[in-house]
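*Asks:* The structure file start_23.pdb (PDB, C-alpha atoms and all ligand atoms) is provided below.
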ATOM      1  CA  MET C  21     -43.724  62.757 -39.015
ATOM      2  CA  ASN C  22     -46.645  60.331 -39.364
ATOM      3  CA  ILE C  23     -46.070  57.011 -41.102
ATOM      4  CA  PRO C  24     -48.981  56.226 -43.509
ATOM      5  CA  GLY C  25     -51.383  53.777 -41.839
ATOM      6  CA  SER C  26     -50.011  54.437 -38.352
ATOM      7  CA  THR C  27     -51.869  56.273 -35.566
ATOM      8  CA  PRO C  28     -50.999  59.970 -35.725
ATOM      9  CA  ALA C  29     -49.689  61.972 -32.763
ATOM     10  CA  VAL C  30     -52.180  64.559 -31.458
ATOM     11  CA  HIS C  31     -52.185  68.029 -29.950
ATOM     12  CA  ALA C  32     -55.445  68.864 -28.088
ATOM     13  CA  PRO C  33     -56.892  65.864 -26.182
ATOM     14  CA  HIS C  34     -60.447  66.811 -27.206
ATOM     15  CA  VAL C  35     -62.445  69.438 -29.105
ATOM     16  CA  PRO C  36     -63.701  72.466 -27.122
ATOM     17  CA  LEU C  37     -66.640  71.476 -24.888
ATOM     18  CA  THR C  38     -68.892  74.437 -25.655
ATOM     19  CA  ASP C  39     -71.426  73.718 -22.897
ATOM     20  CA  TYR C  40     -68.672  74.924 -20.567
ATOM     21  CA  TYR C  41     -66.370  77.283 -22.550
ATOM     22  CA  GLN C  42     -66.319  78.485 -26.138
ATOM     23  CA  THR C  43     -62.870  78.073 -27.685
ATOM     24  CA  GLU C  44     -59.620  76.238 -27.024
ATOM     25  CA  GLN C  45     -58.137  79.563 -25.869
ATOM     26  CA  ASP C  46     -60.818  79.800 -23.140
ATOM     27  CA  ARG C  47     -60.112  76.324 -21.770
ATOM     28  CA  PRO C  48     -57.180  77.052 -19.350
ATOM     29  CA  ALA C  49     -59.008  79.929 -17.634
ATOM     30  CA  TYR C  50     -62.214  77.872 -17.360
ATOM     31  CA  LEU C  51     -60.329  74.951 -15.813
ATOM     32  CA  ARG C  52     -58.399  77.065 -13.378
ATOM     33  CA  GLN C  53     -61.597  78.710 -12.190
ATOM     34  CA  ILE C  54     -63.600  75.495 -11.799
ATOM     35  CA  PHE C  55     -60.785  73.638 -10.026
ATOM     36  CA  ASP C  56     -60.151  76.645  -7.745
ATOM     37  CA  ASN C  57     -63.867  76.953  -6.956
ATOM     38  CA  THR C  58     -64.447  73.263  -6.192
ATOM     39  CA  ALA C  59     -61.126  72.324  -4.547
ATOM     40  CA  ALA C  60     -62.622  72.075  -1.051
ATOM     41  CA  ASP C  61     -64.902  69.249  -2.274
ATOM     42  CA  TYR C  62     -62.420  67.343  -4.450
ATOM     43  CA  ASP C  63     -61.150  64.700  -2.008
ATOM     44  CA  ARG C  64     -64.619  63.945  -0.624
ATOM     45  CA  ILE C  65     -66.232  63.480  -4.034
ATOM     46  CA  GLU C  66     -63.251  61.483  -5.336
ATOM     47  CA  ALA C  67     -63.556  59.113  -2.344
ATOM     48  CA  MET C  68     -67.268  58.691  -3.112
ATOM     49  CA  LEU C  69     -66.663  58.153  -6.823
ATOM     50  CA  ALA C  70     -63.968  55.517  -6.269
ATOM     51  CA  TRP C  71     -65.589  53.978  -3.168
ATOM     52  CA  GLY C  72     -62.476  54.778  -1.154
ATOM     53  CA  THR C  73     -60.127  52.749  -3.360
ATOM     54  CA  GLY C  74     -58.363  55.728  -4.985
ATOM     55  CA  SER C  75     -55.321  55.912  -2.690
ATOM     56  CA  ARG C  76     -54.554  52.220  -2.933
ATOM     57  CA  TYR C  77     -55.048  52.238  -6.702
ATOM     58  CA  ARG C  78     -52.743  55.243  -7.199
ATOM     59  CA  ARG C  79     -50.025  53.619  -5.060
ATOM     60  CA  ASP C  80     -50.244  50.316  -6.966
ATOM     61  CA  ALA C  81     -50.088  52.153 -10.312
ATOM     62  CA  LEU C  82     -46.929  54.027  -9.248
ATOM     63  CA  ILE C  83     -45.342  50.726  -8.179
ATOM     64  CA  ARG C  84     -46.310  49.111 -11.522
ATOM     65  CA  ALA C  85     -44.595  51.999 -13.336
ATOM     66  CA  GLY C  86     -41.391  51.445 -11.348
ATOM     67  CA  LEU C  87     -41.411  54.073  -8.577
ATOM     68  CA  LYS C  88     -38.798  53.130  -5.969
ATOM     69  CA  THR C  89     -37.345  54.448  -2.714
ATOM     70  CA  GLY C  90     -35.004  57.424  -3.126
ATOM     71  CA  MET C  91     -36.268  58.513  -6.578
ATOM     72  CA  LYS C  92     -36.700  62.225  -7.285
ATOM     73  CA  VAL C  93     -40.328  62.683  -8.444
ATOM     74  CA  LEU C  94     -42.328  65.340 -10.280
ATOM     75  CA  ASP C  95     -46.115  64.999  -9.964
ATOM     76  CA  VAL C  96     -47.810  67.048 -12.701
ATOM     77  CA  GLY C  97     -51.433  68.149 -12.103
ATOM     78  CA  VAL C  98     -50.812  67.479  -8.407
ATOM     79  CA  GLY C  99     -54.177  68.993  -7.416
ATOM     80  CA  THR C 100     -54.928  68.142  -3.782
ATOM     81  CA  GLY C 101     -52.050  65.660  -3.797
ATOM     82  CA  LEU C 102     -53.757  62.262  -4.085
ATOM     83  CA  VAL C 103     -50.974  60.846  -6.285
ATOM     84  CA  ALA C 104     -48.209  62.868  -4.628
ATOM     85  CA  VAL C 105     -48.961  61.597  -1.130
ATOM     86  CA  GLN C 106     -48.467  58.033  -2.387
ATOM     87  CA  ALA C 107     -45.210  59.093  -4.070
ATOM     88  CA  CYS C 108     -44.052  60.550  -0.727
ATOM     89  CA  ILE C 109     -44.684  57.180   0.954
ATOM     90  CA  LEU C 110     -42.999  55.153  -1.800
ATOM     91  CA  THR C 111     -39.891  57.344  -2.123
ATOM     92  CA  GLY C 112     -39.575  57.377   1.661
ATOM     93  CA  ASN C 113     -38.874  61.137   1.679
ATOM     94  CA  PRO C 114     -41.421  63.901   0.857
ATOM     95  CA  ALA C 115     -38.547  66.321   0.162
ATOM     96  CA  LEU C 116     -37.844  64.254  -2.993
ATOM     97  CA  VAL C 117     -41.334  64.942  -4.404
ATOM     98  CA  ILE C 118     -42.366  68.161  -6.196
ATOM     99  CA  GLY C 119     -45.935  68.908  -7.306
ATOM    100  CA  VAL C 120     -46.923  71.297 -10.072
ATOM    101  CA  ASP C 121     -50.441  72.546 -10.917
ATOM    102  CA  PRO C 122     -52.050  75.667 -12.442
ATOM    103  CA  SER C 123     -54.755  75.793  -9.727
ATOM    104  CA  PRO C 124     -53.570  77.466  -6.517
ATOM    105  CA  GLY C 125     -56.929  76.535  -4.942
ATOM    106  CA  MET C 126     -56.367  72.803  -5.478
ATOM    107  CA  MET C 127     -52.849  72.966  -4.019
ATOM    108  CA  ALA C 128     -54.060  75.042  -1.051
ATOM    109  CA  ALA C 129     -56.644  72.327  -0.297
ATOM    110  CA  SER C 130     -53.969  69.604  -0.149
ATOM    111  CA  LYS C 131     -52.885  67.889   3.050
ATOM    112  CA  LEU C 132     -49.330  67.036   2.053
ATOM    113  CA  PRO C 133     -46.211  66.848   4.240
ATOM    114  CA  ASP C 134     -44.658  70.324   4.823
ATOM    115  CA  THR C 135     -41.348  69.226   3.308
ATOM    116  CA  MET C 136     -42.972  68.547  -0.084
ATOM    117  CA  VAL C 137     -42.673  71.451  -2.550
ATOM    118  CA  LEU C 138     -45.704  72.687  -4.556
ATOM    119  CA  ILE C 139     -45.237  75.030  -7.523
ATOM    120  CA  GLU C 140     -47.766  76.792  -9.762
ATOM    121  CA  GLY C 141     -47.249  75.749 -13.386
ATOM    122  CA  ARG C 142     -48.574  73.850 -16.368
ATOM    123  CA  ALA C 143     -47.593  70.579 -18.032
ATOM    124  CA  GLU C 144     -46.941  72.433 -21.294
ATOM    125  CA  SER C 145     -44.201  74.592 -19.753
ATOM    126  CA  LEU C 146     -42.535  72.983 -16.753
ATOM    127  CA  PRO C 147     -40.400  75.303 -14.596
ATOM    128  CA  PHE C 148     -37.562  72.787 -14.144
ATOM    129  CA  PRO C 149     -34.163  72.128 -15.772
ATOM    130  CA  ASP C 150     -33.467  69.319 -18.254
ATOM    131  CA  ASN C 151     -32.637  65.794 -16.960
ATOM    132  CA  HIS C 152     -33.820  66.530 -13.423
ATOM    133  CA  PHE C 153     -36.264  63.820 -12.261
ATOM    134  CA  ASP C 154     -36.105  60.005 -11.936
ATOM    135  CA  PHE C 155     -39.884  59.654 -12.164
ATOM    136  CA  LEU C 156     -42.733  61.786 -13.481
ATOM    137  CA  SER C 157     -46.369  61.072 -12.619
ATOM    138  CA  MET C 158     -49.586  62.703 -13.753
ATOM    139  CA  GLY C 159     -52.974  61.621 -12.363
ATOM    140  CA  TYR C 160     -56.193  62.457 -14.213
ATOM    141  CA  ALA C 161     -54.926  65.702 -15.749
ATOM    142  CA  LEU C 162     -54.257  64.453 -19.312
ATOM    143  CA  ARG C 163     -57.699  65.618 -20.538
ATOM    144  CA  HIS C 164     -57.006  69.107 -19.207
ATOM    145  CA  ILE C 165     -53.788  69.751 -21.113
ATOM    146  CA  SER C 166     -54.001  72.100 -24.111
ATOM    147  CA  ASP C 167     -51.354  70.361 -26.213
ATOM    148  CA  LEU C 168     -50.328  66.748 -25.540
ATOM    149  CA  SER C 169     -47.336  66.868 -27.912
ATOM    150  CA  VAL C 170     -45.906  69.912 -26.150
ATOM    151  CA  ALA C 171     -46.565  68.500 -22.659
ATOM    152  CA  PHE C 172     -45.054  65.077 -23.465
ATOM    153  CA  ALA C 173     -41.954  66.760 -24.921
ATOM    154  CA  GLU C 174     -41.666  68.643 -21.614
ATOM    155  CA  PHE C 175     -41.960  65.359 -19.684
ATOM    156  CA  GLU C 176     -39.184  63.867 -21.791
ATOM    157  CA  ARG C 177     -37.018  66.964 -21.291
ATOM    158  CA  VAL C 178     -37.208  67.076 -17.464
ATOM    159  CA  LEU C 179     -36.726  63.309 -16.974
ATOM    160  CA  LYS C 180     -33.188  61.983 -16.542
ATOM    161  CA  PRO C 181     -32.049  59.369 -19.094
ATOM    162  CA  GLY C 182     -33.618  56.112 -17.865
ATOM    163  CA  GLY C 183     -36.254  58.120 -15.921
ATOM    164  CA  ARG C 184     -39.773  56.712 -15.825
ATOM    165  CA  LEU C 185     -43.165  58.140 -16.722
ATOM    166  CA  CYS C 186     -46.583  57.161 -15.323
ATOM    167  CA  ILE C 187     -49.759  58.851 -16.605
ATOM    168  CA  LEU C 188     -53.096  57.786 -15.113
ATOM    169  CA  GLU C 189     -56.342  58.484 -16.919
ATOM    170  CA  ILE C 190     -59.892  57.198 -17.049
ATOM    171  CA  THR C 191     -60.793  55.820 -20.481
ATOM    172  CA  LYS C 192     -64.355  55.279 -21.659
ATOM    173  CA  PRO C 193     -65.125  51.545 -21.735
ATOM    174  CA  GLN C 194     -65.037  49.777 -25.118
ATOM    175  CA  ASN C 195     -68.414  48.099 -24.775
ATOM    176  CA  ARG C 196     -71.743  49.950 -24.916
ATOM    177  CA  VAL C 197     -73.165  48.651 -21.624
ATOM    178  CA  GLY C 198     -70.012  49.563 -19.677
ATOM    179  CA  ARG C 199     -69.996  53.007 -21.302
ATOM    180  CA  TRP C 200     -73.672  53.569 -20.453
ATOM    181  CA  LEU C 201     -73.151  52.505 -16.830
ATOM    182  CA  LEU C 202     -70.069  54.660 -16.284
ATOM    183  CA  LYS C 203     -71.624  57.662 -18.017
ATOM    184  CA  ASN C 204     -74.756  57.519 -15.872
ATOM    185  CA  TYR C 205     -72.728  56.979 -12.718
ATOM    186  CA  MET C 206     -70.311  59.845 -13.362
ATOM    187  CA  ARG C 207     -72.638  62.281 -15.115
ATOM    188  CA  GLY C 208     -75.859  61.484 -13.227
ATOM    189  CA  VAL C 209     -75.402  59.736  -9.867
ATOM    190  CA  ILE C 210     -72.264  61.537  -8.681
ATOM    191  CA  PRO C 211     -73.456  65.107  -9.529
ATOM    192  CA  LEU C 212     -76.762  64.257  -7.773
ATOM    193  CA  LEU C 213     -74.989  63.012  -4.644
ATOM    194  CA  THR C 214     -72.782  66.128  -4.573
ATOM    195  CA  ARG C 215     -75.933  68.103  -3.671
ATOM    196  CA  PHE C 216     -75.847  66.476  -0.243
ATOM    197  CA  VAL C 217     -72.119  66.582   0.462
ATOM    198  CA  SER C 218     -70.603  69.494  -1.482
ATOM    199  CA  ARG C 219     -69.831  72.927  -0.116
ATOM    200  CA  GLN C 220     -69.322  74.637  -3.493
ATOM    201  CA  LYS C 221     -72.054  75.356  -6.048
ATOM    202  CA  ASP C 222     -69.865  74.420  -9.055
ATOM    203  CA  THR C 223     -69.038  70.911  -7.805
ATOM    204  CA  ALA C 224     -71.855  69.130  -9.691
ATOM    205  CA  THR C 225     -70.829  70.926 -12.924
ATOM    206  CA  MET C 226     -67.230  69.941 -12.354
ATOM    207  CA  TRP C 227     -68.081  66.243 -12.153
ATOM    208  CA  ARG C 228     -70.355  66.430 -15.232
ATOM    209  CA  TYR C 229     -67.441  68.073 -17.035
ATOM    210  CA  PHE C 230     -65.280  65.191 -15.830
ATOM    211  CA  TRP C 231     -67.355  62.662 -17.756
ATOM    212  CA  ASP C 232     -67.872  64.881 -20.818
ATOM    213  CA  SER C 233     -64.103  65.319 -21.197
ATOM    214  CA  ILE C 234     -63.570  61.552 -20.783
ATOM    215  CA  GLU C 235     -66.150  60.849 -23.500
ATOM    216  CA  ALA C 236     -64.587  63.393 -25.883
ATOM    217  CA  CYS C 237     -60.954  62.405 -25.199
ATOM    218  CA  VAL C 238     -58.745  61.027 -27.984
ATOM    219  CA  PRO C 239     -58.422  57.203 -27.882
ATOM    220  CA  PRO C 240     -55.574  55.509 -25.985
ATOM    221  CA  GLU C 241     -53.778  54.559 -29.250
ATOM    222  CA  GLN C 242     -53.319  58.259 -29.973
ATOM    223  CA  VAL C 243     -51.950  58.938 -26.502
ATOM    224  CA  VAL C 244     -49.462  56.078 -27.016
ATOM    225  CA  ALA C 245     -48.546  57.374 -30.509
ATOM    226  CA  THR C 246     -48.019  60.889 -29.161
ATOM    227  CA  LEU C 247     -45.791  59.613 -26.349
ATOM    228  CA  SER C 248     -43.774  57.534 -28.815
ATOM    229  CA  ALA C 249     -43.405  60.531 -31.146
ATOM    230  CA  THR C 250     -41.513  62.424 -28.396
ATOM    231  CA  GLY C 251     -38.758  59.785 -28.481
ATOM    232  CA  LEU C 252     -39.747  58.154 -25.174
ATOM    233  CA  THR C 253     -39.067  54.403 -25.203
ATOM    234  CA  GLN C 254     -40.896  51.282 -23.988
ATOM    235  CA  VAL C 255     -44.210  53.158 -24.264
ATOM    236  CA  LYS C 256     -46.989  50.913 -22.934
ATOM    237  CA  ARG C 257     -50.582  51.133 -21.809
ATOM    238  CA  HIS C 258     -51.667  48.990 -18.890
ATOM    239  CA  LEU C 259     -55.449  48.766 -18.393
ATOM    240  CA  GLU C 260     -57.239  47.984 -15.103
ATOM    241  CA  ILE C 261     -60.892  46.802 -15.129
ATOM    242  CA  GLY C 262     -61.418  48.214 -18.633
ATOM    243  CA  ILE C 263     -61.465  51.817 -17.365
ATOM    244  CA  PHE C 264     -58.184  52.853 -15.746
ATOM    245  CA  SER C 265     -55.437  53.489 -18.305
ATOM    246  CA  GLU C 266     -51.855  53.663 -17.080
ATOM    247  CA  TYR C 267     -49.436  54.988 -19.702
ATOM    248  CA  GLN C 268     -45.846  54.053 -18.922
ATOM    249  CA  ALA C 269     -42.626  55.029 -20.705
ATOM    250  CA  ILE C 270     -38.893  55.425 -20.137
ATOM    251  CA  LYS C 271     -36.587  58.204 -21.314
ATOM    252  CA  ALA C 272     -33.957  56.835 -23.697
ATOM    253  CA  VAL C 273     -30.405  56.379 -22.420
ATOM    254  CA  PRO C 274     -27.898  57.631 -25.026
ATOM    255  CA  GLY C 275     -25.824  54.809 -26.483
ATOM    256  CA  GLN C 276     -28.181  52.091 -25.211
ATOM    257  CA  LEU C 277     -30.508  50.003 -27.340
ATOM    258  CA  ASN C 278     -33.958  51.216 -26.267
ATOM    259  CA  GLY C 279     -36.963  49.037 -27.087
ATOM    260  CA  HIS C 280     -40.073  50.682 -28.495
ATOM    261  CA  GLY C 281     -43.374  49.491 -26.996
ATOM    262  CA  GLU C 282     -46.977  49.212 -28.182
TER
HETATM  263  C1  LIG K 301     -58.788  65.802 -11.630
HETATM  264  S1  LIG K 301     -57.501  66.718 -10.881
HETATM  265  C2  LIG K 301     -56.352  65.438 -10.472
HETATM  266  C3  LIG K 301     -55.596  65.696  -9.195
HETATM  267  C4  LIG K 301     -54.686  64.553  -8.715
HETATM  268  N1  LIG K 301     -53.585  64.345  -9.623
HETATM  269  C5  LIG K 301     -55.442  63.266  -8.508
HETATM  270  O1  LIG K 301     -54.938  62.203  -8.895
HETATM  271  O2  LIG K 301     -56.518  63.297  -7.894
HETATM  272  C6  LIG K 301     -56.747  67.436 -12.325
HETATM  273  C7  LIG K 301     -55.728  68.508 -11.979
HETATM  274  O3  LIG K 301     -55.081  68.883 -13.212
HETATM  275  C8  LIG K 301     -54.796  70.251 -13.126
HETATM  276  N2  LIG K 301     -54.540  70.800 -14.481
HETATM  277  C9  LIG K 301     -55.401  71.409 -15.321
HETATM  278  N3  LIG K 301     -54.772  71.819 -16.434
HETATM  279  C10 LIG K 301     -53.467  71.448 -16.293
HETATM  280  C11 LIG K 301     -52.295  71.620 -17.093
HETATM  281  N4  LIG K 301     -52.347  72.222 -18.287
HETATM  282  N5  LIG K 301     -51.116  71.150 -16.622
HETATM  283  C12 LIG K 301     -51.063  70.523 -15.418
HETATM  284  N6  LIG K 301     -52.132  70.337 -14.620
HETATM  285  C13 LIG K 301     -53.320  70.792 -15.040
HETATM  286  C14 LIG K 301     -56.022  70.853 -12.435
HETATM  287  O4  LIG K 301     -55.779  72.130 -11.898
HETATM  288  C15 LIG K 301     -56.309  69.784 -11.384
HETATM  289  O5  LIG K 301     -55.699  70.078 -10.165
END
Show how you would write the structure in this file as structure tokens.
*Replies:*
Amino acid sequence: MNIPGSTPAVHAPHVPLTDYYQTEQDRPAYLRQIFDNTAADYDRIEAMLAWGTGSRYRRDALIRAGLKTGMKVLDVGVGTGLVAVQACILTGNPALVIGVDPSPGMMAASKLPDTMVLIEGRAESLPFPDNHFDFLSMGYALRHISDLSVAFAEFERVLKPGGRLCILEITKPQNRVGRWLLKNYMRGVIPLLTRFVSRQKDTATMWRYFWDSIEACVPPEQVVATLSATGLTQVKRHLEIGIFSEYQAIKAVPGQLNGHGE
């Protein structure tokens, strides 16, 4: 239900990007193929894009969202494991961390501890029982989900009462100059540099797609509204340097007064 005047919950995070695929139904197959085809380049290009700060940033974001030693973690959209490896360090035990992703190529390219489990699957239909995890993370996969409402309901379902959620996503800057700079960096400079360092022919396309999906993505208020609509509590958005959105939330504990955030 949408309250008049409030921000409505949303389903698809953006309209179909027809330079890459034609309809919403084509999106999952397109994404699986492009992530599979470019997996071998992902970590190198990511390090270039973030000037080597990505690991530290991911770890700090997990700490801000409340990840602690001994927690059982699900990392959705695990990819090559850049968030998951930080979760392994913070929990103190890789066997407590499970990664899920629809791209077998991305998971095969990961360098994660052997005791960490990786499973093929999608955010919209998680292959896990109810009330199973203390913490759920998802790094830079929000724009790739077909239905945010369905995925967030899944996140709520698999978290234990009191379990914590941390979704990381790049948001286009509010001001025009910042937007112009980031767009040209991500859509121009990075795809150009990939010519010298990439091994796969689709890598430049992949990073152009990265920006185009950021530009087309629903605004943060709608992500927050969609999270709140699932019944998650204390929904908040923390923003770093005007670009890095961290969506945090907690699964309600029955019988407890649960505050509602933003
Ligand atoms: C940009 S990578 C991010 C990888 C890693 N989390 C990180 O922080 O670098 C996005 C990942 O989301 C995955 N993905 C795409 N569609 C998805 C879906 N519907 N559910 C879960 N993951 C998805 C892709 O296969 C890819 O591995």
*Asks:* Residues at most 10 Å from Val96 (chain C), counting only C-alpha atoms, excluding those fewer than 4 positions away in the same chain, as a PyMOL selection string?
*Replies:* chain C and resi 101+103-104+118-122+139+141-143+146+156-162+175+187
*Asks:* Would you please work out which residue, of C:Leu82, C:Leu94, C:Leu37, C:Val255, is nearest to Ile234 (chain C) when using all atoms listed in the file?
*Replies:*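 Distance minimum relative to Ile234 (chain C) lands on C:Leu37.
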*Asks:* Using only C-alpha atoms and all ligand atoms, which of C:His164, C:Asn113, C:Gln106, C:Ala29 sits nearest ligand LIG 301 (chain K)?
*Replies:* C:His164
*Asks:* Spell out the residues picked by the PyMOL selection byres (((chain C and resi 207) around 12) and not hetatm) here, as a list in words.
*Replies:*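 Written out, the selection comes to Leu69, Arg199, Trp200, Leu201, Leu202, Lys203, Asn204, Tyr205, Met206, Gly208, Val209, Ile210, Pro211, Leu212, Leu213, Thr214, Thr223, Ala224, Thr225, Met226, Trp227, Arg228, Tyr229, Phe230, Trp231, Asp232, Ser233, Ile234 and Glu235 of chain C.
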*Asks:* Go through C:Gly74, C:Gly275, C:Gly86, C:Gly99 and flag the residue nearest ligand LIG 301 (chain K), using only C-alpha atoms and all ligand atoms for the distances.
*Replies:*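 When distances to ligand LIG 301 (chain K) are compared using only C-alpha atoms and all ligand atoms, the smallest one comes from C:Gly99.
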*Asks:* List every protein, DNA or RNA residue that has at least one atom no more than 7 Å from (-51.7, 75.0, -5.3) in the file's coordinates, counting all atoms listed in the file, and write the result as a VMD selection string.
*Replies:* chain C and resid 99 121 123 to 128 138 to 140
*Asks:* Work out how far apart atom C5 of ligand LIG 301 (chain K) and CA of Arg215 (chain C) are and give it in Å to one decimal.
*Replies:*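 These two atoms are separated by 21.6 Å.
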*Asks:* Taking all listed atoms of ligand LIG 301 (chain K), build the axis-aligned box, pad each of the six sides by 4 Å, then write its centre and edge lengths in Å to one decimal as JSON.
*Replies:*
{"center_x": -54.9, "center_y": 67.2, "center_z": -13.1, "size_x": 15.7, "size_y": 18.0, "size_z": 18.4}
*Asks:* Skipping near chain neighbours, those fewer than 2 positions away, what residues fall within 7 Å of region 263-271 of chain C using only C-alpha atoms, listed as number ranges by chain?
*Replies:* C: 85, 176, 179-193, 252-261, 273
*Asks:* Go through C:Trp71, C:Phe155, C:Tyr77, C:Tyr41 and flag the residue nearest ligand LIG 301 (chain K), using all atoms listed in the file for the distances.
*Replies:*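 Looking only at the distances to ligand LIG 301 (chain K), the closest residue turns out to be C:Tyr77.
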*Asks:* Quick check, in Å to one decimal: how far apart do CA of Arg64 (chain C) and atom O2 of ligand LIG 301 (chain K) lie?
*Replies:*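 About the pair CA of Arg64 (chain C) and atom O2 of ligand LIG 301 (chain K): they are 10.9 Å apart.
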*Asks:* Could you please determine the separation between CA of Glu66 (chain C) and CA of Arg219 (chain C) in Å, to one decimal place?
*Replies:* 14.2 Å
*Asks:* Compare C:Leu116, C:Val93, C:Val197, C:Ala129 by their minimum atom-to-atom distance to Asn57 (chain C), counting only C-alpha atoms, and give me the closest one.
*Replies:*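 Checking each of C:Leu116, C:Val93, C:Val197, C:Ala129 against Asn57 (chain C), counting only C-alpha atoms, the winner is C:Ala129.
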*Asks:* Which one is closest to Ala171 (chain C): C:Asn151, C:Val30, C:Pro239, C:Ile65? Count all atoms listed in the file.
*Replies:* C:Val30
*Asks:* For the point (-40.8, 69.9, -26.9) in the file's frame, write as number ranges by chain all residues with an atom no more than 12 Å away, counting all atoms listed in the file.
*Replies:* C: 31, 143-146, 150, 167-178, 246-247, 249-252
*Asks:* Translate the PyMOL selection byres (((chain C and resi 33) around 6) and not hetatm), as applied to the file shown, into an explicit residue set as a count of residues only.
*Replies:* 5
